file input_16.cif (mmCIF, C-alpha atoms and all ligand atoms)
data_coords
#
loop_
_atom_site.group_PDB
_atom_site.id
_atom_site.type_symbol
_atom_site.label_atom_id
_atom_site.label_comp_id
_atom_site.auth_asym_id
_atom_site.auth_seq_id
_atom_site.Cartn_x
_atom_site.Cartn_y
_atom_site.Cartn_z
ATOM 1 C CA MET N 22 -69.723 46.462 32.268
ATOM 2 C CA ALA N 23 -71.909 44.039 30.301
ATOM 3 C CA THR N 24 -73.530 46.985 28.483
ATOM 4 C CA LEU N 25 -70.132 48.465 27.651
ATOM 5 C CA LEU N 26 -68.895 45.152 26.271
ATOM 6 C CA ALA N 27 -72.048 44.712 24.186
ATOM 7 C CA ARG N 28 -71.470 48.198 22.717
ATOM 8 C CA LEU N 29 -67.857 47.359 22.025
ATOM 9 C CA GLU N 30 -68.829 44.159 20.195
ATOM 10 C CA ALA N 31 -71.188 46.219 17.998
ATOM 11 C CA ALA N 32 -68.804 49.158 17.436
ATOM 12 C CA HIS N 33 -68.689 49.274 13.609
ATOM 13 C CA PRO N 34 -66.429 52.381 13.530
ATOM 14 C CA LEU N 35 -63.583 50.177 14.815
ATOM 15 C CA ASP N 36 -63.775 47.917 11.769
ATOM 16 C CA ARG N 37 -61.417 49.901 9.550
ATOM 17 C CA ILE N 38 -58.558 49.668 12.031
ATOM 18 C CA ALA N 39 -59.488 46.149 13.149
ATOM 19 C CA ASP N 40 -59.534 44.898 9.555
ATOM 20 C CA ALA N 41 -56.224 46.619 8.774
ATOM 21 C CA LEU N 42 -54.683 44.913 11.806
ATOM 22 C CA ARG N 43 -56.027 41.575 10.574
ATOM 23 C CA ARG N 44 -54.383 42.110 7.196
ATOM 24 C CA ALA N 45 -51.119 42.933 8.962
ATOM 25 C CA ALA N 46 -51.478 39.841 11.173
ATOM 26 C CA LEU N 47 -52.169 37.634 8.155
ATOM 27 C CA ALA N 48 -49.094 39.000 6.402
ATOM 28 C CA THR N 49 -46.803 38.407 9.400
ATOM 29 C CA ALA N 50 -47.482 36.211 12.456
ATOM 30 C CA GLY N 51 -50.578 34.563 10.988
ATOM 31 C CA ARG N 52 -48.881 33.387 7.817
ATOM 32 C CA GLY N 53 -48.104 29.849 6.637
ATOM 33 C CA ARG N 54 -46.901 26.966 8.782
ATOM 34 C CA LEU N 55 -45.235 29.256 11.307
ATOM 35 C CA GLY N 56 -48.498 31.175 11.713
ATOM 36 C CA ALA N 57 -50.359 27.892 12.264
ATOM 37 C CA LEU N 58 -47.777 26.847 14.861
ATOM 38 C CA LEU N 59 -48.006 30.200 16.671
ATOM 39 C CA HIS N 60 -51.798 29.851 16.674
ATOM 40 C CA GLY N 61 -51.448 26.446 18.366
ATOM 41 C CA VAL N 62 -52.129 24.054 15.470
ATOM 42 C CA GLY N 63 -50.483 20.813 16.589
ATOM 43 C CA PHE N 64 -50.700 21.755 20.287
ATOM 44 C CA GLY N 65 -54.451 21.146 20.628
ATOM 45 C CA HIS N 66 -55.467 24.719 21.454
ATOM 46 C CA PRO N 67 -54.161 28.302 21.141
ATOM 47 C CA LEU N 68 -50.695 28.982 22.622
ATOM 48 C CA HIS N 69 -51.321 32.623 23.524
ATOM 49 C CA PRO N 70 -53.045 32.049 26.925
ATOM 50 C CA ALA N 71 -50.086 29.941 28.121
ATOM 51 C CA VAL N 72 -47.415 32.286 26.754
ATOM 52 C CA VAL N 73 -48.834 35.387 28.477
ATOM 53 C CA GLN N 74 -48.331 33.786 31.905
ATOM 54 C CA PHE N 75 -44.637 34.677 31.971
ATOM 55 C CA PRO N 76 -44.811 38.460 31.375
ATOM 56 C CA VAL N 77 -47.897 38.863 33.557
ATOM 57 C CA GLY N 78 -46.282 36.878 36.379
ATOM 58 C CA ALA N 79 -43.052 38.901 36.125
ATOM 59 C CA TRP N 80 -44.928 42.235 36.112
ATOM 60 C CA MET N 81 -47.029 41.219 39.095
ATOM 61 C CA SER N 82 -43.922 40.132 40.983
ATOM 62 C CA THR N 83 -42.378 43.539 40.210
ATOM 63 C CA ALA N 84 -45.456 45.197 41.700
ATOM 64 C CA VAL N 85 -45.160 43.104 44.874
ATOM 65 C CA LEU N 86 -41.511 44.108 45.317
ATOM 66 C CA ASP N 87 -42.403 47.740 44.592
ATOM 67 C CA ALA N 88 -45.113 47.664 47.270
ATOM 68 C CA LEU N 89 -43.042 46.068 50.051
ATOM 69 C CA PRO N 90 -41.509 48.254 52.810
ATOM 70 C CA GLY N 91 -37.920 47.362 51.799
ATOM 71 C CA ARG N 92 -38.432 48.479 48.184
ATOM 72 C CA ASP N 93 -35.705 51.152 48.319
ATOM 73 C CA THR N 94 -32.897 48.771 49.251
ATOM 74 C CA PRO N 95 -30.438 48.178 46.363
ATOM 75 C CA GLY N 96 -31.252 44.441 46.286
ATOM 76 C CA SER N 97 -34.997 45.012 46.029
ATOM 77 C CA ARG N 98 -34.575 47.710 43.359
ATOM 78 C CA ARG N 99 -32.323 45.431 41.324
ATOM 79 C CA ALA N 100 -34.725 42.479 41.647
ATOM 80 C CA ALA N 101 -37.725 44.616 40.652
ATOM 81 C CA ALA N 102 -35.886 46.045 37.630
ATOM 82 C CA THR N 103 -34.755 42.560 36.541
ATOM 83 C CA LEU N 104 -38.268 41.145 36.770
ATOM 84 C CA LEU N 105 -39.654 44.138 34.917
ATOM 85 C CA ALA N 106 -37.131 43.756 32.080
ATOM 86 C CA ALA N 107 -37.705 39.978 31.875
ATOM 87 C CA GLY N 108 -41.488 40.423 31.749
ATOM 88 C CA THR N 109 -41.229 43.101 29.070
ATOM 89 C CA ALA N 110 -38.945 40.868 26.959
ATOM 90 C CA GLY N 111 -41.448 38.025 27.489
ATOM 91 C CA ALA N 112 -44.129 40.189 25.891
ATOM 92 C CA LEU N 113 -42.642 39.449 22.454
ATOM 93 C CA PRO N 114 -43.792 35.788 22.237
ATOM 94 C CA ALA N 115 -47.103 36.833 23.801
ATOM 95 C CA THR N 116 -47.507 39.448 21.052
ATOM 96 C CA VAL N 117 -46.708 37.174 18.101
ATOM 97 C CA THR N 118 -48.942 34.342 19.329
ATOM 98 C CA GLY N 119 -51.685 36.896 19.976
ATOM 99 C CA LEU N 120 -51.312 38.266 16.437
ATOM 100 C CA ALA N 121 -51.572 34.744 15.006
ATOM 101 C CA ASP N 122 -54.827 34.282 16.969
ATOM 102 C CA TYR N 123 -56.084 37.692 15.863
ATOM 103 C CA ALA N 124 -55.888 36.633 12.203
ATOM 104 C CA THR N 125 -58.493 33.897 12.877
ATOM 105 C CA LEU N 126 -61.111 36.030 14.672
ATOM 106 C CA SER N 127 -64.551 37.029 13.447
ATOM 107 C CA ARG N 128 -65.344 40.713 12.889
ATOM 108 C CA GLN N 129 -67.228 41.023 16.194
ATOM 109 C CA GLN N 130 -64.364 39.391 18.066
ATOM 110 C CA ARG N 131 -61.827 41.628 16.301
ATOM 111 C CA ARG N 132 -63.478 44.773 17.696
ATOM 112 C CA VAL N 133 -62.964 43.537 21.271
ATOM 113 C CA ALA N 134 -59.508 42.182 20.417
ATOM 114 C CA LEU N 135 -58.476 45.569 19.027
ATOM 115 C CA VAL N 136 -59.110 47.227 22.409
ATOM 116 C CA HIS N 137 -57.364 44.259 24.076
ATOM 117 C CA VAL N 138 -54.328 44.986 21.875
ATOM 118 C CA ALA N 139 -54.509 48.741 22.620
ATOM 119 C CA ALA N 140 -54.632 48.092 26.389
ATOM 120 C CA ASN N 141 -51.634 45.775 26.177
ATOM 121 C CA LEU N 142 -49.637 48.204 24.037
ATOM 122 C CA THR N 143 -50.376 50.912 26.613
ATOM 123 C CA ALA N 144 -49.120 48.539 29.316
ATOM 124 C CA LEU N 145 -45.965 47.809 27.322
ATOM 125 C CA GLY N 146 -45.338 51.532 26.858
ATOM 126 C CA CYS N 147 -45.678 52.103 30.623
ATOM 127 C CA PHE N 148 -43.334 49.219 31.452
ATOM 128 C CA ALA N 149 -40.735 50.389 28.901
ATOM 129 C CA ALA N 150 -40.902 53.935 30.348
ATOM 130 C CA SER N 151 -40.594 52.449 33.838
ATOM 131 C CA ILE N 152 -37.411 50.598 32.839
ATOM 132 C CA VAL N 153 -35.945 53.874 31.534
ATOM 133 C CA ALA N 154 -36.972 55.792 34.689
ATOM 134 C CA ARG N 155 -35.405 53.167 36.971
ATOM 135 C CA ALA N 156 -32.199 53.109 34.895
ATOM 136 C CA ARG N 157 -31.967 56.893 35.391
ATOM 137 C CA GLY N 158 -32.380 56.468 39.138
ATOM 138 C CA ASP N 159 -35.926 57.841 39.313
ATOM 139 C CA HIS N 160 -37.404 54.852 41.176
ATOM 140 C CA ARG N 161 -40.465 56.675 42.416
ATOM 141 C CA ARG N 162 -41.517 57.459 38.852
ATOM 142 C CA GLY N 163 -40.506 53.969 37.733
ATOM 143 C CA ARG N 164 -42.801 52.402 40.315
ATOM 144 C CA ALA N 165 -45.715 54.664 39.368
ATOM 145 C CA LEU N 166 -45.300 53.740 35.687
ATOM 146 C CA SER N 167 -45.170 50.019 36.550
ATOM 147 C CA PHE N 168 -48.418 50.249 38.529
ATOM 148 C CA ALA N 169 -50.046 52.120 35.622
ATOM 149 C CA GLY N 170 -48.817 49.401 33.245
ATOM 150 C CA LEU N 171 -50.230 46.689 35.470
ATOM 151 C CA GLY N 172 -53.608 48.449 35.459
ATOM 152 C CA ALA N 173 -53.610 48.605 31.636
ATOM 153 C CA ALA N 174 -52.486 44.951 31.391
ATOM 154 C CA GLY N 175 -55.315 44.028 33.781
ATOM 155 C CA ALA N 176 -57.845 45.749 31.509
ATOM 156 C CA GLY N 177 -56.332 43.888 28.533
ATOM 157 C CA ALA N 178 -56.566 40.582 30.403
ATOM 158 C CA TYR N 179 -60.212 41.254 31.236
ATOM 159 C CA LEU N 180 -60.981 41.777 27.542
ATOM 160 C CA GLY N 181 -58.988 38.650 26.683
ATOM 161 C CA GLY N 182 -61.188 36.717 29.101
ATOM 162 C CA HIS N 183 -64.284 38.161 27.441
ATOM 163 C CA LEU N 184 -62.989 37.058 24.035
ATOM 164 C CA ALA N 185 -62.394 33.502 25.240
ATOM 165 C CA TYR N 186 -65.342 32.904 27.549
ATOM 166 C CA ALA N 187 -68.100 35.136 26.186
ATOM 167 C CA GLN N 188 -67.211 35.238 22.503
ATOM 168 C CA ASP N 189 -65.844 31.700 22.049
ATOM 169 C CA ALA N 190 -62.568 32.878 20.509
ATOM 170 C CA GLY N 191 -60.186 29.933 20.296
ATOM 171 C CA VAL N 192 -62.483 27.421 21.999
ATOM 172 C CA SER N 193 -63.348 24.098 20.373
ATOM 173 C CA HIS N 194 -66.858 24.150 18.958
ATOM 174 C CA ALA N 195 -66.530 20.424 18.304
ATOM 175 C CA ALA N 196 -66.085 19.718 22.026
ATOM 176 C CA ALA N 197 -69.114 21.923 22.761
ATOM 177 C CA ALA N 198 -71.253 19.712 20.477
ATOM 178 C CA LEU N 199 -70.181 16.468 22.180
ATOM 179 C CA PRO N 200 -72.637 16.613 25.139
ATOM 180 C CA LEU N 201 -75.488 16.427 22.591
ATOM 181 C CA VAL N 202 -74.428 12.865 21.757
ATOM 182 C CA PRO N 203 -76.530 10.630 24.045
ATOM 183 C CA HIS N 204 -74.623 8.263 26.350
ATOM 184 C CA GLY N 205 -74.125 4.636 25.302
ATOM 185 C CA TRP N 206 -73.354 2.939 21.990
ATOM 186 C CA HIS N 207 -75.290 3.992 18.877
ATOM 187 C CA ARG N 208 -75.717 1.996 15.685
ATOM 188 C CA ILE N 209 -74.483 3.940 12.691
ATOM 189 C CA ASP N 210 -74.690 1.703 9.638
ATOM 190 C CA ALA N 211 -73.866 -1.735 8.265
ATOM 191 C CA VAL N 212 -70.113 -2.084 7.898
ATOM 192 C CA TYR N 213 -70.421 -3.170 4.241
ATOM 193 C CA ALA N 214 -72.218 0.117 3.431
ATOM 194 C CA ILE N 215 -69.262 2.204 4.632
ATOM 195 C CA GLU N 216 -66.832 2.082 1.755
ATOM 196 C CA GLU N 217 -63.131 2.397 2.373
ATOM 197 C CA GLY N 218 -61.565 5.800 1.577
ATOM 198 C CA ARG N 219 -64.807 7.806 1.540
ATOM 199 C CA VAL N 220 -66.408 10.092 4.116
ATOM 200 C CA PHE N 221 -69.944 9.295 5.306
ATOM 201 C CA SER N 222 -72.124 11.542 7.427
ATOM 202 C CA TYR N 223 -74.728 10.544 10.018
ATOM 203 C CA THR N 224 -76.582 12.109 12.926
ATOM 204 C CA VAL N 225 -76.307 10.752 16.460
ATOM 205 C CA GLY N 226 -78.859 12.339 18.779
ATOM 206 C CA ALA N 227 -78.713 15.953 17.615
ATOM 207 C CA THR N 228 -75.056 15.818 16.629
ATOM 208 C CA PRO N 229 -73.759 15.373 13.083
ATOM 209 C CA VAL N 230 -70.958 12.842 12.837
ATOM 210 C CA VAL N 231 -68.590 11.910 10.015
ATOM 211 C CA VAL N 232 -67.260 8.376 9.626
ATOM 212 C CA TYR N 233 -64.220 7.235 7.694
ATOM 213 C CA ARG N 234 -62.925 3.750 6.957
ATOM 214 C CA ASP N 235 -59.385 2.852 5.981
ATOM 215 C CA ARG N 236 -56.894 0.054 6.591
ATOM 216 C CA ASP N 237 -54.218 0.004 9.264
ATOM 217 C CA HIS N 238 -51.600 -2.789 8.946
ATOM 218 C CA GLY N 239 -53.999 -4.813 6.817
ATOM 219 C CA THR N 240 -57.017 -4.543 9.135
ATOM 220 C CA ASP N 241 -60.110 -2.376 8.829
ATOM 221 C CA ARG N 242 -60.034 0.820 10.860
ATOM 222 C CA PHE N 243 -63.035 3.062 11.464
ATOM 223 C CA SER N 244 -62.832 6.594 12.751
ATOM 224 C CA ALA N 245 -65.701 8.912 13.650
ATOM 225 C CA PHE N 246 -65.727 12.501 14.818
ATOM 226 C CA VAL N 247 -68.177 15.280 15.587
ATOM 227 C CA ALA N 248 -68.920 17.025 12.288
ATOM 228 C CA ARG N 249 -69.047 20.526 13.774
ATOM 229 C CA CYS N 250 -65.780 22.261 12.956
ATOM 230 C CA ALA N 251 -63.684 23.076 16.035
ATOM 231 C CA HIS N 252 -63.113 26.591 14.661
ATOM 232 C CA ARG N 253 -66.667 27.947 14.423
ATOM 233 C CA SER N 254 -69.011 24.997 13.994
ATOM 234 C CA GLY N 255 -68.743 24.789 10.209
ATOM 235 C CA PRO N 256 -70.584 21.789 8.673
ATOM 236 C CA LEU N 257 -67.764 19.320 8.099
ATOM 237 C CA ALA N 258 -70.183 16.881 6.477
ATOM 238 C CA GLU N 259 -70.235 19.353 3.562
ATOM 239 C CA GLY N 260 -66.447 19.567 3.446
ATOM 240 C CA HIS N 261 -64.277 17.847 0.905
ATOM 241 C CA MET N 262 -61.440 15.379 1.190
ATOM 242 C CA VAL N 263 -57.883 16.608 0.687
ATOM 243 C CA ASP N 264 -54.489 14.953 0.899
ATOM 244 C CA VAL N 265 -51.945 16.420 3.348
ATOM 245 C CA ASP N 266 -48.512 14.769 3.374
ATOM 246 C CA GLY N 267 -50.077 11.501 2.178
ATOM 247 C CA GLU N 268 -52.799 11.553 4.883
ATOM 248 C CA ALA N 269 -56.518 11.604 4.054
ATOM 249 C CA CYS N 270 -58.018 14.763 5.567
ATOM 250 C CA LEU N 271 -61.305 16.660 5.556
ATOM 251 C CA GLN N 272 -61.417 20.384 4.797
ATOM 252 C CA CYS N 273 -64.044 22.625 6.381
ATOM 253 C CA PRO N 274 -66.176 24.431 3.765
ATOM 254 C CA TRP N 275 -66.309 27.672 5.791
ATOM 255 C CA HIS N 276 -62.748 28.853 6.429
ATOM 256 C CA GLY N 277 -60.635 25.938 5.213
ATOM 257 C CA SER N 278 -59.417 24.229 8.405
ATOM 258 C CA VAL N 279 -58.113 20.744 7.619
ATOM 259 C CA PHE N 280 -58.495 17.726 9.925
ATOM 260 C CA ARG N 281 -56.883 14.287 9.583
ATOM 261 C CA LEU N 282 -59.627 11.727 9.127
ATOM 262 C CA SER N 283 -57.935 8.924 11.081
ATOM 263 C CA ASP N 284 -57.728 10.852 14.369
ATOM 264 C CA GLY N 285 -59.311 14.305 13.899
ATOM 265 C CA ARG N 286 -56.017 16.134 14.309
ATOM 266 C CA ALA N 287 -56.003 19.756 13.098
ATOM 267 C CA MET N 288 -53.455 19.867 10.248
ATOM 268 C CA HIS N 289 -54.169 23.443 9.084
ATOM 269 C CA GLY N 290 -55.946 26.341 10.803
ATOM 270 C CA PRO N 291 -57.703 28.567 11.487
ATOM 271 C CA ALA N 292 -58.843 25.811 13.895
ATOM 272 C CA SER N 293 -56.181 25.061 16.491
ATOM 273 C CA SER N 294 -58.190 22.418 18.367
ATOM 274 C CA ASP N 295 -58.473 18.872 17.061
ATOM 275 C CA GLN N 296 -61.875 17.410 16.206
ATOM 276 C CA THR N 297 -63.513 15.526 19.061
ATOM 277 C CA MET N 298 -63.331 11.819 18.277
ATOM 278 C CA LEU N 299 -65.964 9.215 19.103
ATOM 279 C CA ARG N 300 -65.173 5.612 20.043
ATOM 280 C CA THR N 301 -66.047 3.023 17.407
ATOM 281 C CA ARG N 302 -66.746 -0.720 17.476
ATOM 282 C CA VAL N 303 -68.299 -3.325 15.187
ATOM 283 C CA ARG N 304 -71.141 -5.512 16.517
ATOM 284 C CA ASP N 305 -73.101 -7.972 14.377
ATOM 285 C CA GLY N 306 -71.801 -6.368 11.205
ATOM 286 C CA GLN N 307 -72.881 -2.880 12.349
ATOM 287 C CA LEU N 308 -70.618 0.057 13.120
ATOM 288 C CA GLU N 309 -71.415 1.643 16.491
ATOM 289 C CA VAL N 310 -70.108 4.866 18.032
ATOM 290 C CA ALA N 311 -70.041 6.250 21.565
ATOM 291 C CA ARG N 312 -68.701 9.255 23.417
ATOM 292 C CA PRO N 313 -65.075 9.018 24.509
HETATM 293 S S1 LIG G 401 -65.751 26.937 10.802
HETATM 294 FE FE1 LIG G 401 -63.990 28.059 10.311
HETATM 295 S S2 LIG G 401 -62.673 26.597 9.427
HETATM 296 FE FE2 LIG G 401 -64.417 25.493 9.954
#

call {"tool": "encode", "arguments": {"input": "input_16.cif", "output": "C-alpha cells"}}
result
Amino acid sequence: MATLLARLEAAHPLDRIADALRRAALATAGRGRLGALLHGVGFGHPLHPAVVQFPVGAWMSTAVLDALPGRDTPGSRRAAATLLAAGTAGALPATVTGLADYATLSRQQRRVALVHVAANLTALGCFAASIVARARGDHRRGRALSFAGLGAAGAGAYLGGHLAYAQDAGVSHAAAALPLVPHGWHRIDAVYAIEEGRVFSYTVGATPVVVYRDRDHGTDRFSAFVARCAHRSGPLAEGHMVDVDGEACLQCPWHGSVFRLSDGRAMHGPASSDQTMLRTRVRDGQLEVARP
C-alpha cells in the first residue's frame, strides 16, 4: 500500500485533470470570503473532516440496518432508506468544504486528492442508484449498491487520511514548529529596541519568532508567534505588514495567508489554522517569551 501511495503522489499524468479541478475549485467553493469560511478560516482548522462525519455515519448506519436479520420488515426498509437519503444529502456540505480545501493543496497532494474525489464520487453514484433501486422496490439491489458505495467511500476516507497524516494537508505547520522552542522563558530583546507598530524577527532555540508591539487601552502590549506559516511553513519573518479591517496583520510571502499580529488569528487563507502564539512578559526591561 505504501508503494502504491508513493506512486500516486508521483503520478505526473494526473496533473492535467488535477490542475483543472483546482481551477474549478478556485472559481467556485474556494473563492473569496465564502471560500475562506468553507476552508475553515476563522474556525481554527479545516471544516471538511468534521462535516464528513454526518454522511459517513448515516451510510454506515444504513449498512448496519441492511445487514440485520430483520432488514426486510417495512420499518427497517424505511429507516434504511431514510438514513441513506439523509447521508447522500449531507454529502453536499462535505463536497463544498472539500473543494475549498482542494484549492489550497500542493501539486503532490492534489494527485492523491483527485483519487480521493473520484472514490467519493463513485460512492455517491452508488448511493444515488441505491436510493432509486429501493424506491422501485428492488431492495436486494439497493442493498448491494449501498455496500458498494460504502466500500468506495472507505477507499476515499483512507486517501483522505493519507492526505492529512502523511502529506500534512490542512495541518498547522506553526504548531509543528513549537516543540523546537526550548522550555522556560527566553530573553528576546530590550523593550526599548522593539518599536511600536513594526514587526521584529528573532530565533528562539531553532525556531524563528516574530514579535510585535502595540498599545491596548493605553498600555504596551507585546505579541509573539512562531514565524513558520501555518499553511506550509513559509518564512513569515520575510512577510510584509498589511491592514485588514483596521487590524495590523502579517502576510506570508509564499501564498499570501494573512495573520493578525495581536493574536496570530488567520484572517485570510490558504492557511486555516491560526499562528501558534508564545507567552510574553517583561523582566528588567527585557522582553521574554515562552511556550504556551
Ligand atoms: S506557506 Fe502558504 S501561505 Fe504561507

call {"tool": "resolve_selection", "arguments": {"input": "input_16.cif", "expression": "the PyMOL selection byres (((not hetatm)) within 6 of (chain G and resi 401))", "output": "number ranges by chain"}}
result
N: 250, 252-255, 273, 275-278, 291-292

call {"tool": "resolve_selection", "arguments": {"input": "input_16.cif", "expression": "the PyMOL selection byres (((chain N and resi 197) around 12) and not hetatm)", "output": "list in words"}}
result
Asp189, Val192, Ser193, His194, Ala195, Ala196, Ala198, Leu199, Pro200, Leu201, Val202, Thr228, Val247, Ala248, Arg249, Cys250, Ala251, His252, Arg253, Ser254, Ser294, Gln296 and Thr297 of chain N

call {"tool": "residues_around", "arguments": {"input": "input_16.cif", "residues": "segment 60-66 of chain N", "least_positions_apart": "6", "cutoff": "12 Å", "atoms": "all atoms listed in the file", "output": "compact mmCIF listing (two decimals) with C-alpha atoms, in the frame of the given file"}}
result
# COMPACT_ATOMS: atom_id res chain seq x y z
CA ALA N 46 -51.48 39.84 11.17
CA LEU N 47 -52.17 37.63 8.15
CA ALA N 50 -47.48 36.21 12.46
CA GLY N 51 -50.58 34.56 10.99
CA ARG N 52 -48.88 33.39 7.82
CA GLY N 53 -48.10 29.85 6.64
CA ARG N 54 -46.90 26.97 8.78
CA VAL N 72 -47.42 32.29 26.75
CA PRO N 114 -43.79 35.79 22.24
CA ALA N 115 -47.10 36.83 23.80
CA THR N 116 -47.51 39.45 21.05
CA VAL N 117 -46.71 37.17 18.10
CA THR N 118 -48.94 34.34 19.33
CA GLY N 119 -51.68 36.90 19.98
CA LEU N 120 -51.31 38.27 16.44
CA ALA N 121 -51.57 34.74 15.01
CA ASP N 122 -54.83 34.28 16.97
CA TYR N 123 -56.08 37.69 15.86
CA ALA N 124 -55.89 36.63 12.20
CA THR N 125 -58.49 33.90 12.88
CA LEU N 126 -61.11 36.03 14.67
CA ALA N 185 -62.39 33.50 25.24
CA ALA N 190 -62.57 32.88 20.51
CA GLY N 191 -60.19 29.93 20.30
CA VAL N 192 -62.48 27.42 22.00
CA SER N 193 -63.35 24.10 20.37
CA HIS N 194 -66.86 24.15 18.96
CA ALA N 196 -66.08 19.72 22.03
CA ALA N 251 -63.68 23.08 16.04
CA HIS N 252 -63.11 26.59 14.66
CA SER N 278 -59.42 24.23 8.40
CA VAL N 279 -58.11 20.74 7.62
CA PHE N 280 -58.50 17.73 9.93
CA ARG N 281 -56.88 14.29 9.58
CA GLY N 285 -59.31 14.30 13.90
CA ARG N 286 -56.02 16.13 14.31
CA ALA N 287 -56.00 19.76 13.10
CA MET N 288 -53.46 19.87 10.25
CA HIS N 289 -54.17 23.44 9.08
CA GLY N 290 -55.95 26.34 10.80
CA PRO N 291 -57.70 28.57 11.49
CA ALA N 292 -58.84 25.81 13.90
CA SER N 293 -56.18 25.06 16.49
CA SER N 294 -58.19 22.42 18.37
CA ASP N 295 -58.47 18.87 17.06
CA GLN N 296 -61.88 17.41 16.21
CA THR N 297 -63.51 15.53 19.06

call {"tool": "closest_residue", "arguments": {"input": "input_16.cif", "among": "N:Leu145, N:Val138, N:Ala110, N:Leu166", "to": "Ala84 of chain N", "atoms": "only C-alpha atoms"}}
result
N:Leu166

call {"tool": "atom_distance", "arguments": {"input": "input_16.cif", "atom1": "atom CA of Tyr186 of chain N", "atom2": "atom CA of Ala32 of chain N"}}
result
19.5 Å

call {"tool": "atom_distance", "arguments": {"input": "input_16.cif", "atom1": "atom CA of Leu308 of chain N", "atom2": "atom CA of Phe243 of chain N"}}
result
8.3 Å

call {"tool": "atom_distance", "arguments": {"input": "input_16.cif", "atom1": "atom CA of Thr49 of chain N", "atom2": "atom CA of His69 of chain N"}}
result
15.9 Å

call {"tool": "resolve_selection", "arguments": {"input": "input_16.cif", "expression": "the PyMOL selection byres (((chain N and resi 234) around 8) and not hetatm)", "output": "JSON, numbers by chain"}}
result
{"N": [215, 216, 217, 218, 219, 220, 232, 233, 235, 236, 241, 242, 243, 244]}

call {"tool": "residues_around", "arguments": {"input": "input_16.cif", "residues": "Ala106 of chain N", "least_positions_apart": "3", "cutoff": "12 Å", "atoms": "all atoms listed in the file", "output": "list in words"}}
result
Phe75, Pro76, Val77, Ala79, Trp80, Ser82, Thr83, Arg99, Ala100, Ala101, Ala102, Thr103, Thr109, Ala110, Gly111, Ala112, Leu113, Leu145, Phe148, Ala149, Ala150, Ser151, Ile152, Val153, Arg155, Ala156 and Ser167 of chain N

call {"tool": "write_last_selection", "arguments": {"input": "input_16.cif", "atoms": "C-alpha atoms", "output": "mmCIF file, keeping the file's coordinate frame"}}
result
data_model
loop_
_atom_site.group_PDB
_atom_site.id
_atom_site.type_symbol
_atom_site.label_atom_id
_atom_site.label_comp_id
_atom_site.auth_asym_id
_atom_site.auth_seq_id
_atom_site.Cartn_x
_atom_site.Cartn_y
_atom_site.Cartn_z
ATOM 1 C CA PHE N 75 -44.637 34.677 31.971
ATOM 2 C CA PRO N 76 -44.811 38.460 31.375
ATOM 3 C CA VAL N 77 -47.897 38.863 33.557
ATOM 4 C CA ALA N 79 -43.052 38.901 36.125
ATOM 5 C CA TRP N 80 -44.928 42.235 36.112
ATOM 6 C CA SER N 82 -43.922 40.132 40.983
ATOM 7 C CA THR N 83 -42.378 43.539 40.210
ATOM 8 C CA ARG N 99 -32.323 45.431 41.324
ATOM 9 C CA ALA N 100 -34.725 42.479 41.647
ATOM 10 C CA ALA N 101 -37.725 44.616 40.652
ATOM 11 C CA ALA N 102 -35.886 46.045 37.630
ATOM 12 C CA THR N 103 -34.755 42.560 36.541
ATOM 13 C CA THR N 109 -41.229 43.101 29.070
ATOM 14 C CA ALA N 110 -38.945 40.868 26.959
ATOM 15 C CA GLY N 111 -41.448 38.025 27.489
ATOM 16 C CA ALA N 112 -44.129 40.189 25.891
ATOM 17 C CA LEU N 113 -42.642 39.449 22.454
ATOM 18 C CA LEU N 145 -45.965 47.809 27.322
ATOM 19 C CA PHE N 148 -43.334 49.219 31.452
ATOM 20 C CA ALA N 149 -40.735 50.389 28.901
ATOM 21 C CA ALA N 150 -40.902 53.935 30.348
ATOM 22 C CA SER N 151 -40.594 52.449 33.838
ATOM 23 C CA ILE N 152 -37.411 50.598 32.839
ATOM 24 C CA VAL N 153 -35.945 53.874 31.534
ATOM 25 C CA ARG N 155 -35.405 53.167 36.971
ATOM 26 C CA ALA N 156 -32.199 53.109 34.895
ATOM 27 C CA SER N 167 -45.170 50.019 36.550
#

call {"tool": "closest_residue", "arguments": {"input": "input_16.cif", "among": "N:Gly91, N:Gly163, N:Gly260, N:Gly78", "to": "Leu104 of chain N", "atoms": "all atoms listed in the file"}}
result
N:Gly78
